[in-house]
file model12.pdb (PDB, C-alpha atoms, pLDDT in the B column)
ATOM      1  CA  MET A  24     -15.531 -18.465  27.799  1.00 90.00           C
ATOM      2  CA  THR A  25     -15.634 -22.231  27.257  1.00 94.00           C
ATOM      3  CA  PRO A  26     -17.094 -24.712  29.759  1.00 95.00           C
ATOM      4  CA  GLN A  27     -13.578 -26.101  30.305  1.00 96.00           C
ATOM      5  CA  GLN A  28     -12.272 -22.649  31.168  1.00 97.00           C
ATOM      6  CA  ARG A  29     -15.152 -22.027  33.576  1.00 97.00           C
ATOM      7  CA  ALA A  30     -14.573 -25.422  35.210  1.00 97.00           C
ATOM      8  CA  PHE A  31     -10.867 -24.710  35.626  1.00 97.00           C
ATOM      9  CA  LEU A  32     -11.495 -21.264  37.134  1.00 97.00           C
ATOM     10  CA  ALA A  33     -14.053 -22.682  39.578  1.00 97.00           C
ATOM     11  CA  ALA A  34     -11.598 -25.390  40.623  1.00 97.00           C
ATOM     12  CA  PHE A  35      -8.795 -22.840  40.943  1.00 97.00           C
ATOM     13  CA  ARG A  36     -10.940 -20.700  43.235  1.00 97.00           C
ATOM     14  CA  ASN A  37     -11.400 -23.768  45.459  1.00 96.00           C
ATOM     15  CA  THR A  38      -7.782 -24.952  45.449  1.00 95.00           C
ATOM     16  CA  GLY A  39      -5.599 -21.929  44.726  1.00 95.00           C
ATOM     17  CA  ASN A  40      -3.337 -24.310  42.813  1.00 96.00           C
ATOM     18  CA  VAL A  41      -3.015 -24.666  39.029  1.00 96.00           C
ATOM     19  CA  ARG A  42      -2.098 -28.374  39.083  1.00 96.00           C
ATOM     20  CA  LEU A  43      -4.962 -29.319  41.401  1.00 97.00           C
ATOM     21  CA  ALA A  44      -7.413 -27.181  39.426  1.00 97.00           C
ATOM     22  CA  CYS A  45      -6.308 -28.847  36.192  1.00 97.00           C
ATOM     23  CA  GLU A  46      -6.883 -32.278  37.714  1.00 97.00           C
ATOM     24  CA  ALA A  47     -10.293 -31.319  39.137  1.00 97.00           C
ATOM     25  CA  ALA A  48     -11.456 -29.780  35.845  1.00 97.00           C
ATOM     26  CA  ASN A  49      -9.829 -32.471  33.697  1.00 96.00           C
ATOM     27  CA  VAL A  50      -7.835 -29.807  31.853  1.00 96.00           C
ATOM     28  CA  GLY A  51      -4.196 -30.077  30.799  1.00 95.00           C
ATOM     29  CA  ARG A  52      -1.773 -27.548  32.225  1.00 94.00           C
ATOM     30  CA  SER A  53      -0.732 -26.593  28.723  1.00 95.00           C
ATOM     31  CA  SER A  54      -4.353 -25.658  27.939  1.00 96.00           C
ATOM     32  CA  HIS A  55      -4.445 -23.269  30.887  1.00 96.00           C
ATOM     33  CA  TYR A  56      -1.209 -21.573  29.814  1.00 95.00           C
ATOM     34  CA  ARG A  57      -2.308 -21.470  26.170  1.00 96.00           C
ATOM     35  CA  TRP A  58      -5.556 -19.757  27.237  1.00 97.00           C
ATOM     36  CA  LEU A  59      -3.546 -17.254  29.266  1.00 95.00           C
ATOM     37  CA  ASN A  60      -1.426 -16.398  26.229  1.00 94.00           C
ATOM     38  CA  ARG A  61      -4.185 -16.292  23.630  1.00 95.00           C
ATOM     39  CA  ASP A  62      -7.436 -15.316  25.337  1.00 95.00           C
ATOM     40  CA  PRO A  63      -7.614 -11.856  26.948  1.00 95.00           C
ATOM     41  CA  ALA A  64     -11.014 -12.566  28.553  1.00 96.00           C
ATOM     42  CA  TYR A  65      -9.656 -15.748  30.156  1.00 97.00           C
ATOM     43  CA  ARG A  66      -6.492 -13.944  31.262  1.00 96.00           C
ATOM     44  CA  GLU A  67      -8.639 -11.302  33.000  1.00 97.00           C
ATOM     45  CA  ALA A  68     -10.902 -13.937  34.584  1.00 97.00           C
ATOM     46  CA  PHE A  69      -7.861 -15.827  35.875  1.00 97.00           C
ATOM     47  CA  ALA A  70      -6.400 -12.608  37.341  1.00 97.00           C
ATOM     48  CA  VAL A  71      -9.706 -12.018  39.160  1.00 97.00           C
ATOM     49  CA  ALA A  72      -9.707 -15.630  40.425  1.00 97.00           C
ATOM     50  CA  LYS A  73      -6.134 -15.220  41.710  1.00 97.00           C
ATOM     51  CA  GLU A  74      -7.147 -12.086  43.615  1.00 96.00           C
ATOM     52  CA  GLU A  75     -10.101 -13.937  45.139  1.00 97.00           C
ATOM     53  CA  VAL A  76      -7.817 -16.775  46.263  1.00 96.00           C
ATOM     54  CA  ALA A  77      -5.326 -14.260  47.663  1.00 95.00           C
ATOM     55  CA  ASP A  78      -8.126 -12.561  49.618  1.00 95.00           C
ATOM     56  CA  LEU A  79      -9.201 -15.900  51.109  1.00 95.00           C
ATOM     57  CA  LEU A  80      -5.641 -16.776  52.068  1.00 94.00           C
ATOM     58  CA  GLU A  81      -5.118 -13.355  53.589  1.00 94.00           C
ATOM     59  CA  ALA A  82      -8.305 -13.734  55.628  1.00 94.00           C
ATOM     60  CA  GLU A  83      -7.125 -17.120  56.894  1.00 95.00           C
ATOM     61  CA  ALA A  84      -3.694 -15.702  57.757  1.00 94.00           C
ATOM     62  CA  TYR A  85      -5.411 -12.902  59.681  1.00 95.00           C
ATOM     63  CA  ARG A  86      -7.611 -15.390  61.550  1.00 95.00           C
ATOM     64  CA  ARG A  87      -4.632 -17.510  62.581  1.00 94.00           C
ATOM     65  CA  ALA A  88      -2.534 -14.489  63.556  1.00 94.00           C
ATOM     66  CA  VAL A  89      -5.176 -12.481  65.424  1.00 94.00           C
ATOM     67  CA  GLU A  90      -7.919 -14.876  66.494  1.00 95.00           C
ATOM     68  CA  GLY A  91      -5.633 -17.876  66.907  1.00 95.00           C
ATOM     69  CA  VAL A  92      -6.263 -21.600  66.628  1.00 94.00           C
ATOM     70  CA  GLU A  93      -7.235 -23.951  69.448  1.00 95.00           C
ATOM     71  CA  LYS A  94      -4.799 -26.826  69.911  1.00 95.00           C
ATOM     72  CA  PRO A  95      -5.409 -29.842  72.149  1.00 95.00           C
ATOM     73  CA  VAL A  96      -3.067 -30.297  75.142  1.00 95.00           C
ATOM     74  CA  GLY A  97      -2.627 -32.609  78.116  1.00 93.00           C
ATOM     75  CA  TRP A  98      -3.405 -35.885  76.398  1.00 92.00           C
ATOM     76  CA  TYR A  99      -4.588 -38.749  78.607  1.00 94.00           C
ATOM     77  CA  LYS A 100      -5.670 -42.123  77.233  1.00 93.00           C
ATOM     78  CA  GLY A 101      -5.907 -40.670  73.727  1.00 93.00           C
ATOM     79  CA  LYS A 102      -8.069 -37.711  74.708  1.00 94.00           C
ATOM     80  CA  PRO A 103      -7.069 -34.095  75.191  1.00 94.00           C
ATOM     81  CA  GLY A 104      -7.304 -32.742  78.712  1.00 93.00           C
ATOM     82  CA  GLY A 105      -7.895 -29.236  77.461  1.00 95.00           C
ATOM     83  CA  TYR A 106      -7.149 -26.725  74.764  1.00 95.00           C
ATOM     84  CA  VAL A 107      -4.831 -23.779  74.390  1.00 96.00           C
ATOM     85  CA  ARG A 108      -5.209 -20.976  71.853  1.00 96.00           C
ATOM     86  CA  GLU A 109      -2.098 -20.426  69.737  1.00 95.00           C
ATOM     87  CA  TYR A 110      -1.401 -17.370  67.601  1.00 94.00           C
ATOM     88  CA  SER A 111       0.989 -17.054  64.684  1.00 94.00           C
ATOM     89  CA  ASP A 112       3.520 -14.286  65.158  1.00 93.00           C
ATOM     90  CA  THR A 113       5.018 -15.121  61.773  1.00 92.00           C
ATOM     91  CA  LEU A 114       1.727 -14.595  59.961  1.00 93.00           C
ATOM     92  CA  LEU A 115       1.221 -11.356  61.870  1.00 93.00           C
ATOM     93  CA  ILE A 116       4.631 -10.132  60.704  1.00 92.00           C
ATOM     94  CA  PHE A 117       3.832 -10.972  57.072  1.00 91.00           C
ATOM     95  CA  LEU A 118       0.474  -9.208  57.286  1.00 91.00           C
ATOM     96  CA  LEU A 119       2.120  -6.089  58.688  1.00 91.00           C
ATOM     97  CA  LYS A 120       4.853  -6.167  56.043  1.00 89.00           C
ATOM     98  CA  GLY A 121       2.199  -6.372  53.337  1.00 88.00           C
ATOM     99  CA  LEU A 122      -0.050  -3.662  54.751  1.00 88.00           C
ATOM    100  CA  ARG A 123       2.657  -1.239  55.856  1.00 88.00           C
ATOM    101  CA  PRO A 124       5.862  -2.041  53.947  1.00 86.00           C
ATOM    102  CA  GLU A 125       7.269   1.439  54.588  1.00 86.00           C
ATOM    103  CA  LYS A 126       7.240   0.712  58.316  1.00 88.00           C
ATOM    104  CA  TYR A 127       7.593  -3.070  58.614  1.00 87.00           C
ATOM    105  CA  GLY A 128       9.178  -4.036  55.286  1.00 83.00           C
ATOM    106  CA  ASP A 129      12.666  -5.434  54.992  1.00 81.00           C
ATOM    107  CA  ARG A 130      15.356  -2.777  54.874  1.00 75.00           C
ATOM    108  CA  VAL A 131      18.765  -2.992  53.346  1.00 68.00           C
ATOM    109  CA  GLU A 132      21.670  -1.017  54.756  1.00 70.00           C
ATOM    110  CA  VAL A 133      24.433  -0.311  52.271  1.00 64.00           C
ATOM    111  CA  ARG A 134      27.978   0.082  53.542  1.00 70.00           C
ATOM    112  CA  GLY A 135      31.443   0.138  52.109  1.00 72.00           C
ATOM    113  CA  ALA A 136      32.008   0.552  48.392  1.00 66.00           C
ATOM    114  CA  LEU A 137      28.290   0.434  47.585  1.00 70.00           C
ATOM    115  CA  ALA A 138      27.503   3.334  49.935  1.00 70.00           C
ATOM    116  CA  ASN A 139      28.906   5.803  47.387  1.00 74.00           C
ATOM    117  CA  LEU A 140      27.261   4.134  44.377  1.00 74.00           C
ATOM    118  CA  ASP A 141      25.259   6.622  42.318  1.00 76.00           C
ATOM    119  CA  LEU A 142      22.353   4.581  40.938  1.00 73.00           C
ATOM    120  CA  ASN A 143      21.580   7.373  38.479  1.00 76.00           C
ATOM    121  CA  LEU A 144      24.719   6.402  36.562  1.00 82.00           C
ATOM    122  CA  LEU A 145      23.569   2.806  36.060  1.00 83.00           C
ATOM    123  CA  PRO A 146      21.744   1.791  32.876  1.00 86.00           C
ATOM    124  CA  ASP A 147      17.970   1.453  33.167  1.00 87.00           C
ATOM    125  CA  GLU A 148      18.233  -2.332  32.725  1.00 89.00           C
ATOM    126  CA  ALA A 149      20.467  -2.616  35.806  1.00 86.00           C
ATOM    127  CA  ILE A 150      18.164  -0.408  37.889  1.00 85.00           C
ATOM    128  CA  ASP A 151      15.170  -2.525  36.823  1.00 86.00           C
ATOM    129  CA  ARG A 152      16.982  -5.730  37.841  1.00 88.00           C
ATOM    130  CA  ILE A 153      17.838  -4.274  41.252  1.00 85.00           C
ATOM    131  CA  ALA A 154      14.254  -3.023  41.690  1.00 84.00           C
ATOM    132  CA  ASP A 155      13.033  -6.561  40.904  1.00 86.00           C
ATOM    133  CA  GLY A 156      15.045  -7.853  43.864  1.00 86.00           C
ATOM    134  CA  GLU A 157      18.229  -9.079  42.206  1.00 86.00           C
ATOM    135  CA  PRO A 158      21.206  -8.477  44.523  1.00 85.00           C
ATOM    136  CA  VAL A 159      23.097  -5.288  43.682  1.00 81.00           C
ATOM    137  CA  MET A 160      26.464  -7.075  43.656  1.00 81.00           C
ATOM    138  CA  ALA A 161      25.174  -9.672  41.175  1.00 85.00           C
ATOM    139  CA  VAL A 162      23.900  -6.939  38.858  1.00 87.00           C
ATOM    140  CA  LEU A 163      27.167  -5.004  39.072  1.00 83.00           C
ATOM    141  CA  ALA A 164      29.250  -8.144  38.555  1.00 82.00           C
ATOM    142  CA  SER A 165      27.279  -9.000  35.415  1.00 85.00           C
ATOM    143  CA  MET A 166      28.161  -5.580  33.989  1.00 82.00           C
ATOM    144  CA  VAL A 167      31.928  -6.030  34.338  1.00 77.00           C
ATOM    145  CA  PRO A 168      33.621  -7.450  31.220  1.00 71.00           C
ATOM    146  CA  ARG A 169      35.091 -10.911  31.847  1.00 65.00           C
ATOM    147  CA  ALA A 170      38.565  -9.705  30.842  1.00 61.00           C
ATOM    148  CA  ALA A 171      38.518  -7.246  33.752  1.00 59.00           C
ATOM    149  CA  LEU A 172      37.909  -9.999  36.310  1.00 57.00           C
ATOM    150  CA  LYS A 173      40.993 -11.472  37.942  1.00 62.00           C
ATOM    151  CA  PRO A 174      41.076 -15.221  38.534  1.00 61.00           C
ATOM    152  CA  ALA A 175      40.758 -16.257  42.168  1.00 57.00           C
ATOM    153  CA  GLN A 176      44.088 -16.376  43.969  1.00 54.00           C
ATOM    154  CA  SER A 177      45.117 -19.713  45.394  1.00 52.00           C
ATOM    155  CA  VAL A 178      46.361 -19.738  48.969  1.00 51.00           C
ATOM    156  CA  ASP A 179      49.319 -21.878  49.968  1.00 52.00           C
ATOM    157  CA  THR A 180      48.418 -23.527  53.253  1.00 50.00           C
ATOM    158  CA  GLY A 181      51.700 -25.382  53.501  1.00 51.00           C
ATOM    159  CA  GLU A 182      49.947 -28.730  53.065  1.00 50.00           C
ATOM    160  CA  ALA A 183      50.664 -30.984  50.141  1.00 52.00           C
ATOM    161  CA  ASN A 184      47.736 -31.355  47.742  1.00 50.00           C
ATOM    162  CA  SER A 185      48.880 -34.673  46.360  1.00 48.00           C
ATOM    163  CA  PRO A 186      50.460 -37.737  47.896  1.00 51.00           C
ATOM    164  CA  THR A 187      54.225 -37.990  47.512  1.00 47.00           C
TER     165      THR A 187
END
call {"tool": "encode", "arguments": {"input": "model12.pdb", "output": "structure tokens"}}
result
Amino acid sequence: MTPQQRAFLAAFRNTGNVRLACEAANVGRSSHYRWLNRDPAYREAFAVAKEEVADLLEAEAYRRAVEGVEKPVGWYKGKPGGYVREYSDTLLIFLLKGLRPEKYGDRVEVRGALANLDLNLLPDEAIDRIADGEPVMAVLASMVPRAALKPAQSVDTGEANSPT
């Protein structure tokens, strides 16, 4: 690995941000992406660095959600009169969703016409798109030939659309 690559990875571990790491290491963004595409050792080292950053962020999210953060309150003449510990319910929810998605993850309830949809009849490409989070209706709509789609119906509201 080159000194530039090592410098970028060290900066990325400190910032968790490609742009900031590029600036700190004096490396162009295009160099980073070129290394990712052409250098398997760099690609692996960057994946490890991303995991390390994710672990640090997760630890900080845990600290804020469970241990809380002290915030000053009761200001008088520019000085706090005391402190209150605040916890982040939102971070706690995200941590639970990540650790136990089967219990706390987002659920989708299908009703109406989609309730009887047999996903086994869809092409693999459509199933993959749905699995990647693309809305089912968008995937299905993209599969319908344009000729089969009816133009939107205009509704007469009784109001004139142009001055007379």
call {"tool": "residues_around", "arguments": {"input": "model12.pdb", "residues": "region 40-50 of chain A", "least_positions_apart": "2", "cutoff": "6 Å", "atoms": "only C-alpha atoms", "output": "PyMOL selection string"}}
result
chain A and resi 30-31+34-35+38
call {"tool": "atom_distance", "arguments": {"input": "model12.pdb", "atom1": "CA of Thr113 (chain A)", "atom2": "CA of Ala84 (chain A)"}}
result
9.6 Å
call {"tool": "resolve_selection", "arguments": {"input": "model12.pdb", "expression": "the PyMOL selection byres ((chain A and resi 94) around 10)", "output": "compact mmCIF listing (two decimals) with C-alpha atoms, in the frame of the given file"}}
result
# COMPACT_ATOMS: atom_id res chain seq x y z
CA GLY A 91 -5.63 -17.88 66.91
CA VAL A 92 -6.26 -21.60 66.63
CA GLU A 93 -7.24 -23.95 69.45
CA PRO A 95 -5.41 -29.84 72.15
CA VAL A 96 -3.07 -30.30 75.14
CA PRO A 103 -7.07 -34.10 75.19
CA GLY A 105 -7.90 -29.24 77.46
CA TYR A 106 -7.15 -26.72 74.76
CA VAL A 107 -4.83 -23.78 74.39
CA ARG A 108 -5.21 -20.98 71.85
CA GLU A 109 -2.10 -20.43 69.74
call {"tool": "closest_residue", "arguments": {"input": "model12.pdb", "among": "A:Gln28, A:Asn37, A:Pro158, A:Ala72", "to": "Arg57 (chain A)", "atoms": "all atoms listed in the file"}}
result
A:Gln28
call {"tool": "residues_around", "arguments": {"input": "model12.pdb", "residues": "region 76-82 of chain A", "least_positions_apart": "5", "cutoff": "12 Å", "atoms": "all atoms listed in the file", "output": "VMD selection string"}}
result
chain A and resid 32 to 41 69 to 71 87 to 90 114 to 115 117 to 119 121 to 122
call {"tool": "write_last_selection", "arguments": {"input": "model12.pdb", "atoms": "C-alpha atoms", "output": "PDB file, in the frame of the given file"}}
result
ATOM      1  CA  LEU A  32     -11.495 -21.264  37.134  1.00 97.00           C
ATOM      2  CA  ALA A  33     -14.053 -22.682  39.578  1.00 97.00           C
ATOM      3  CA  ALA A  34     -11.598 -25.390  40.623  1.00 97.00           C
ATOM      4  CA  PHE A  35      -8.795 -22.840  40.943  1.00 97.00           C
ATOM      5  CA  ARG A  36     -10.940 -20.700  43.235  1.00 97.00           C
ATOM      6  CA  ASN A  37     -11.400 -23.768  45.459  1.00 96.00           C
ATOM      7  CA  THR A  38      -7.782 -24.952  45.449  1.00 95.00           C
ATOM      8  CA  GLY A  39      -5.599 -21.929  44.726  1.00 95.00           C
ATOM      9  CA  ASN A  40      -3.337 -24.310  42.813  1.00 96.00           C
ATOM     10  CA  VAL A  41      -3.015 -24.666  39.029  1.00 96.00           C
ATOM     11  CA  PHE A  69      -7.861 -15.827  35.875  1.00 97.00           C
ATOM     12  CA  ALA A  70      -6.400 -12.608  37.341  1.00 97.00           C
ATOM     13  CA  VAL A  71      -9.706 -12.018  39.160  1.00 97.00           C
ATOM     14  CA  ARG A  87      -4.632 -17.510  62.581  1.00 94.00           C
ATOM     15  CA  ALA A  88      -2.534 -14.489  63.556  1.00 94.00           C
ATOM     16  CA  VAL A  89      -5.176 -12.481  65.424  1.00 94.00           C
ATOM     17  CA  GLU A  90      -7.919 -14.876  66.494  1.00 95.00           C
ATOM     18  CA  LEU A 114       1.727 -14.595  59.961  1.00 93.00           C
ATOM     19  CA  LEU A 115       1.221 -11.356  61.870  1.00 93.00           C
ATOM     20  CA  PHE A 117       3.832 -10.972  57.072  1.00 91.00           C
ATOM     21  CA  LEU A 118       0.474  -9.208  57.286  1.00 91.00           C
ATOM     22  CA  LEU A 119       2.120  -6.089  58.688  1.00 91.00           C
ATOM     23  CA  GLY A 121       2.199  -6.372  53.337  1.00 88.00           C
ATOM     24  CA  LEU A 122      -0.050  -3.662  54.751  1.00 88.00           C
TER      25      LEU A 122
END
call {"tool": "closest_residue", "arguments": {"input": "model12.pdb", "among": "A:Ser165, A:Ser54, A:Asn60, A:Thr25", "to": "Ala149 (chain A)", "atoms": "all atoms listed in the file"}}
result
A:Ser165
call {"tool": "axis_aligned_box", "arguments": {"input": "model12.pdb", "around": "region 108-115 of chain A", "padding_each_side": "8 Å", "output": "AutoDock Vina command-line options"}}
result
--center_x -0.1 --center_y -16.2 --center_z 65.9 --size_x 26.2 --size_y 25.6 --size_z 27.9
